[in-house]
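J.: What follows is a structure written as structure tokens; I'll ask about it next.
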Amino acid sequence: MIPIPDRISRLLELAHNLWWSWHPEARDLFQTLDNPLWKSSGHNPVKQLQEMSPERLRQAAADPVFLRLHDSVLTAFDADTKGDDTWFHKTNSGLLRGPIAYFSMEFAIHNSLPIYAGGLGILAGDICKEASDLGLPLVGVGFMYPQGYFHQRITPDGWQKELYEQLNFDETPIEQLFLPGRNKLMVEVPVGDKRLYVSAWRVRIGRVNLYLLDTNVEENSLQDRLLSSRLYVADQETRLQQEIVLGVAGVKVLRALGINPEVWHANEGHPGFMMLERIREKLETGTPMAEAIGSVQANTVFTTHTPVPAGHDIFPAELVEKYFAASWQQLGIDRDQFLQLGRRDGKLDPTFNMTILALKMSNRRNGVSRLHGMVSRRMWHVLWPEASEESVPISHITNGIHLCTWVAPEMATLFKKYLGPEWLQKQDEEEIWAHVNEMPDEELWEVRNLLKHKLMAVIFNRFQRGWANGEMTADQVIATGALFHPDYLTLGFVRRFVEYKRPGLIFRDIQRLKRIITDPSRPVQIVFAGKSHPADTPAKHLLHQVYQLAGSRDFHGRIIFIEDYDMHMSRYLVSGVDVWLNTPRRLWEASGTSGMKASINGVPHLSVRDGWWHEGYKNTNGWAIGGDLEDRALEDEADSRALYRLLEEEIVPCFYDRDRAGVPHRWVQIVKEAIRTVAPLFCTRRMMKEYTNDMYMPAAASPRESIHVD
Ligand SMILES: *Cc1c(COP(=O)(O)O)cnc(C)c1O
């Protein structure tokens, strides 16, 4: 580590708090410090600072312009991470004795910490950032995967290849946790008949700490050291072991740190063993089973994300028994009593269902959109057979996005100008967004075009590099955007490749699509991006088909595929295309959030009326496809026809309807409506206030959990 001059030594602290990632001034600070290194480090200031020359650091420490920016960023940083001028302090001060512990298998904070796969992680990351902004005391618990999720490459013939890169922890914004006395913090977890040792890392996200568990310690066998290396392994037993680590070691690490949460929140069923561990703690101190369960339920919150039965995390009962039976028997709980926690009452399923466990062990449960709440109540009616479907105790809190993270800086500048400098503080107030209508069409349209050009520059840069390095064939260069044109109407289909999202829907009638795309006076382009799960063979075939069509001459190079969709690429895509396309099979998408990101950047959503769009669509702010068909074949046919019709009759004509200066006023009106109606409702500000008021505070007010510390 090179010495940093005293005057600017807090840069190190700033680099190690991902607060900088959602504050444009702080990003500017690192960029100003050394632009080439900022870029080559992949916007990772921890790495950047390690590589900087002492000479340049000395210069910066003596540069009044740099110092002015530096001081203003640090003042904001201190106010945001330490001050008590926060929403939570004003509304709920003194009402919580311990933090909210938020458990999730993945967290997406920034690309320099690639420990996420998709939407579930994005939500978890956005929740941490918003908790920090609101001053809500929250700690996260997750996994430190040294290889994270894979990087995607597409072979010349269109097959996905998965590349795993080993993270260099020294260049990652994480800190190893130590106990007083400089011993590594380590907890011990019984996993079946062996003991596993788990250490932990801390990530700072503003005022929120995220603790990441790690099994890669010398005390473990080689196999166990690799346990936490990758996200979403296919092997069931490894996955069960990972979930034991997340749930059981997660609780133990918090206890070892002296953190005693008042509310425990599970993001999806994966962290369900956290609930069992807390019951076990109580049994160990002699609390009877029923009472132990009751007190854990009282302050546990569970968010379910999966609207389809096949998506739930289910293990063979004998596997769960193998890992838990012995220790629970010692506590006087017999096998059936134990396995019943993950099963429907009175059923002798041969399985243990993590969603059922979490539903049973929490008193507050929610789906992630209004429609998904309804679907969840229907799906889990079996657990509350005596209740009517509407009164099944699962509510909903619709997802949102962290505005600061997802709004393009150019768009934020416009918001500041027309909504006022307080726009971020008031982001969840619908009234301030009415000012969007005061933006001159020309000015907004210019920003839209600028963002589109920025996306094109990123796309061009990729294939230019690929071609120059000899990594791409000419066909690949075409299939990744060489013939793209920044003025053409551009649709984005950017999401995880999985069958229910129907990436192939738009290709159902190839001739009709060809006519739309290749219309010489009103051309259309489509950019595809997304990973498929390494074990999902049908999804890989879908990706292959799309890639083949992208390369086909028939579409004039106007359908392309961008590899390795991640948070970084996502920021360019959600702000850089013209229309955000989403075609899930209806009732299969719990919420979706990418359409929210697009809408707030002035990219209207064209989607099946599913997930959040069921409540977000307002006739004037985008386009909706689809009714209530149950028959799959009919649904595909009807939805694809609706899609073509919207494109042919509404979207394409509207986009190309220009005044003399080339401004599409009707289109810009839809853009404004998308921003105005989506931003205040589908932001994490609104969402986290709901979690706080409707879930966390009532859970905290429930009979106190008796805290046991060993
Ligand atoms: C927002 C986002 C998602 C979630 O998008 P949906 O398709 O709406 O579920 C997934 N991956 C990345 C990288 C994202 O930025």
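In the structure tokens, the first chain shown is A, the next is B, and so on; residue numbers restart at 1 for each chain, and ligands run from 1 in the order shown.
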Excluding A:His605 and any residue of its chain fewer than 3 positions from it, enumerate the residues within 7 Å of it, using only C-alpha atoms, and give them as a PDB file with N, CA and C atoms, in the first residue's frame.
T.:
```
ATOM      1  N   VAL A 579     -37.050   1.688 -25.926  1.00  0.00           N
ATOM      2  CA  VAL A 579     -38.204   0.974 -25.366  1.00  0.00           C
ATOM      3  C   VAL A 579     -37.680  -0.240 -24.608  1.00  0.00           C
ATOM      4  N   TRP A 580     -38.218  -0.485 -23.431  1.00  0.00           N
ATOM      5  CA  TRP A 580     -37.790  -1.628 -22.619  1.00  0.00           C
ATOM      6  C   TRP A 580     -38.830  -2.735 -22.773  1.00  0.00           C
ATOM      7  N   LEU A 581     -38.396  -3.856 -23.350  1.00  0.00           N
ATOM      8  CA  LEU A 581     -39.331  -4.923 -23.708  1.00  0.00           C
ATOM      9  C   LEU A 581     -39.289  -6.047 -22.673  1.00  0.00           C
ATOM     10  N   GLY A 595     -37.654  -2.740 -15.674  1.00  0.00           N
ATOM     11  CA  GLY A 595     -38.565  -1.805 -16.337  1.00  0.00           C
ATOM     12  C   GLY A 595     -38.718  -0.501 -15.556  1.00  0.00           C
ATOM     13  N   SER A 599     -37.910   3.156 -17.063  1.00  0.00           N
ATOM     14  CA  SER A 599     -38.922   4.219 -17.053  1.00  0.00           C
ATOM     15  C   SER A 599     -38.389   5.514 -16.448  1.00  0.00           C
ATOM     16  N   GLY A 622     -46.558   4.018 -21.315  1.00  0.00           N
ATOM     17  CA  GLY A 622     -45.892   2.860 -21.898  1.00  0.00           C
ATOM     18  C   GLY A 622     -46.960   2.018 -22.571  1.00  0.00           C
ATOM     19  N   TRP A 623     -46.698   0.716 -22.737  1.00  0.00           N
ATOM     20  CA  TRP A 623     -47.652  -0.129 -23.446  1.00  0.00           C
ATOM     21  C   TRP A 623     -47.801  -1.472 -22.719  1.00  0.00           C
TER      22      TRP A 623
END
```
J.: Determine, counting only C-alpha atoms, which protein, DNA and RNA residues have an atom within 8 Å of an atom of stretch 240-255 of chain A; residues of the same chain fewer than 4 positions away are not included. Present the result as number ranges by chain.
T.: A: 103, 105, 141-143, 186-189, 191, 198, 200, 213, 227-228, 236, 259-260, 270-278, 315, 320, 709
J.: Using N, CA and C atoms, can you write the selected residues to a file as a compact mmCIF listing (two decimals), in the first residue's frame?
T.:
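Resulting contents of result_34.txt:
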```txt
# COMPACT_ATOMS: atom_id res chain seq x y z
N PHE A 103 -31.04 -10.91 5.67
CA PHE A 103 -30.28 -12.05 5.15
C PHE A 103 -30.63 -12.29 3.67
N MET A 105 -29.01 -14.40 -0.08
CA MET A 105 -27.99 -15.23 -0.72
C MET A 105 -27.08 -14.38 -1.62
N VAL A 141 -26.54 -9.72 5.85
CA VAL A 141 -25.76 -10.94 6.01
C VAL A 141 -25.84 -11.72 4.71
N GLY A 142 -24.67 -12.03 4.15
CA GLY A 142 -24.63 -12.76 2.88
C GLY A 142 -23.36 -13.57 2.76
N PHE A 143 -22.94 -13.83 1.54
CA PHE A 143 -21.81 -14.70 1.26
C PHE A 143 -20.71 -13.98 0.53
N MET A 186 -14.08 -15.97 13.92
CA MET A 186 -14.40 -17.26 13.32
C MET A 186 -15.50 -17.92 14.13
N VAL A 187 -16.48 -18.46 13.45
CA VAL A 187 -17.50 -19.21 14.18
C VAL A 187 -17.47 -20.66 13.70
N GLU A 188 -18.02 -21.51 14.53
CA GLU A 188 -17.98 -22.94 14.26
C GLU A 188 -19.40 -23.40 14.04
N VAL A 189 -19.61 -24.15 12.98
CA VAL A 189 -20.98 -24.60 12.67
C VAL A 189 -20.99 -26.11 12.50
N VAL A 191 -22.04 -29.17 10.75
CA VAL A 191 -22.71 -29.49 9.48
C VAL A 191 -22.68 -31.00 9.36
N VAL A 198 -16.19 -20.74 9.86
CA VAL A 198 -16.63 -19.68 8.96
C VAL A 198 -16.08 -18.35 9.47
N ALA A 200 -15.57 -14.00 8.45
CA ALA A 200 -16.47 -13.01 7.86
C ALA A 200 -15.74 -11.75 7.43
N LEU A 213 -20.03 -14.05 4.67
CA LEU A 213 -19.48 -15.27 5.27
C LEU A 213 -18.53 -15.94 4.31
N LEU A 227 -16.60 -24.42 -0.49
CA LEU A 227 -18.05 -24.37 -0.35
C LEU A 227 -18.63 -23.01 -0.74
N SER A 228 -17.96 -21.96 -0.32
CA SER A 228 -18.54 -20.64 -0.58
C SER A 228 -17.94 -19.99 -1.82
N GLN A 236 -27.31 -30.28 -5.21
CA GLN A 236 -28.25 -30.00 -4.12
C GLN A 236 -27.61 -30.03 -2.74
N ILE A 259 -23.88 -8.13 18.01
CA ILE A 259 -25.04 -7.49 17.37
C ILE A 259 -26.27 -8.34 17.66
N ASN A 260 -27.27 -7.75 18.29
CA ASN A 260 -28.48 -8.51 18.59
C ASN A 260 -29.68 -7.86 17.93
N HIS A 270 -33.94 -18.96 0.86
CA HIS A 270 -32.57 -19.47 1.09
C HIS A 270 -32.05 -19.28 2.52
N PRO A 271 -32.32 -18.14 3.17
CA PRO A 271 -31.75 -17.98 4.52
C PRO A 271 -32.62 -18.58 5.62
N GLY A 272 -33.55 -19.47 5.29
CA GLY A 272 -34.52 -19.97 6.27
C GLY A 272 -33.90 -20.61 7.51
N PHE A 273 -32.70 -21.20 7.36
CA PHE A 273 -32.10 -21.85 8.53
C PHE A 273 -31.73 -20.85 9.62
N MET A 274 -31.70 -19.56 9.27
CA MET A 274 -31.50 -18.51 10.28
C MET A 274 -32.59 -18.61 11.34
N MET A 275 -33.80 -18.96 10.90
CA MET A 275 -34.91 -19.06 11.85
C MET A 275 -34.70 -20.28 12.76
N LEU A 276 -34.27 -21.40 12.15
CA LEU A 276 -34.02 -22.61 12.95
C LEU A 276 -32.93 -22.37 13.99
N GLU A 277 -31.88 -21.68 13.59
CA GLU A 277 -30.78 -21.44 14.51
C GLU A 277 -31.26 -20.64 15.72
N ARG A 278 -32.15 -19.68 15.48
CA ARG A 278 -32.64 -18.88 16.61
C ARG A 278 -33.56 -19.70 17.51
N PHE A 315 -35.55 -29.42 -0.61
CA PHE A 315 -34.54 -30.45 -0.45
C PHE A 315 -35.21 -31.77 -0.08
N VAL A 320 -31.87 -33.13 4.63
CA VAL A 320 -31.97 -32.16 5.73
C VAL A 320 -31.77 -32.90 7.06
N VAL A 709 -26.72 -14.73 24.57
CA VAL A 709 -25.37 -14.58 24.02
C VAL A 709 -24.47 -15.57 24.72
```
J.: Name the residues of stretch 119-153 of chain A that fall into strand (DSSP E) according to DSSP on the backbone, using the chain letters and numbers of this document, as a PyMOL selection string.
T.: chain A and resi 138-143+151-153
J.: Store the residues of this selection in a file with N, CA, C and O atoms, as a compact mmCIF listing (two decimals), in the first residue's frame.
T.:
```txt
# COMPACT_ATOMS: atom_id res chain seq x y z
N LEU A 138 -29.80 -1.07 9.81
CA LEU A 138 -29.94 -2.38 9.17
C LEU A 138 -28.55 -2.96 8.96
O LEU A 138 -27.60 -2.23 8.68
N VAL A 139 -28.41 -4.26 9.18
CA VAL A 139 -27.17 -4.95 8.81
C VAL A 139 -27.53 -6.04 7.82
O VAL A 139 -28.58 -6.67 7.93
N GLY A 140 -26.65 -6.27 6.86
CA GLY A 140 -26.89 -7.32 5.88
C GLY A 140 -26.05 -8.54 6.22
O GLY A 140 -24.99 -8.41 6.83
N VAL A 141 -26.54 -9.72 5.85
CA VAL A 141 -25.76 -10.94 6.01
C VAL A 141 -25.84 -11.72 4.71
O VAL A 141 -26.94 -12.00 4.20
N GLY A 142 -24.67 -12.03 4.15
CA GLY A 142 -24.63 -12.76 2.88
C GLY A 142 -23.36 -13.57 2.76
O GLY A 142 -22.76 -13.94 3.77
N PHE A 143 -22.94 -13.83 1.54
CA PHE A 143 -21.81 -14.70 1.26
C PHE A 143 -20.71 -13.98 0.53
O PHE A 143 -20.99 -13.20 -0.37
N HIS A 151 -18.75 -14.98 -15.60
CA HIS A 151 -18.76 -14.04 -16.73
C HIS A 151 -19.20 -14.81 -17.96
O HIS A 151 -18.81 -15.96 -18.16
N GLN A 152 -19.99 -14.17 -18.78
CA GLN A 152 -20.55 -14.86 -19.94
C GLN A 152 -19.77 -14.52 -21.20
O GLN A 152 -19.52 -13.34 -21.48
N ARG A 153 -19.38 -15.55 -21.93
CA ARG A 153 -18.84 -15.35 -23.27
C ARG A 153 -19.73 -16.14 -24.23
O ARG A 153 -20.25 -17.19 -23.87
```
J.: Pick the closest to ligand 1 from A:Asn267, A:Ser552, A:Ser594, A:Gln59: which is it, counting only C-alpha atoms and all ligand atoms?
T.: A:Ser594
J.: Would you mind listing the residues within 8 Å of ligand 1, counting only C-alpha atoms and all ligand atoms, as a list in words?
T.: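 I would give the residues around ligand 1 as Ala117, Gly118, Gly119, Leu120, Ile122, Val494, Arg495, Arg496, Gly530, Tyr565, Asp566, Met567, His568, Met569, Ser570, Arg571, Asn582, Glu589, Ser591, Gly592, Thr593, Ser594, Gly595, Met596 and Lys597 of chain A.
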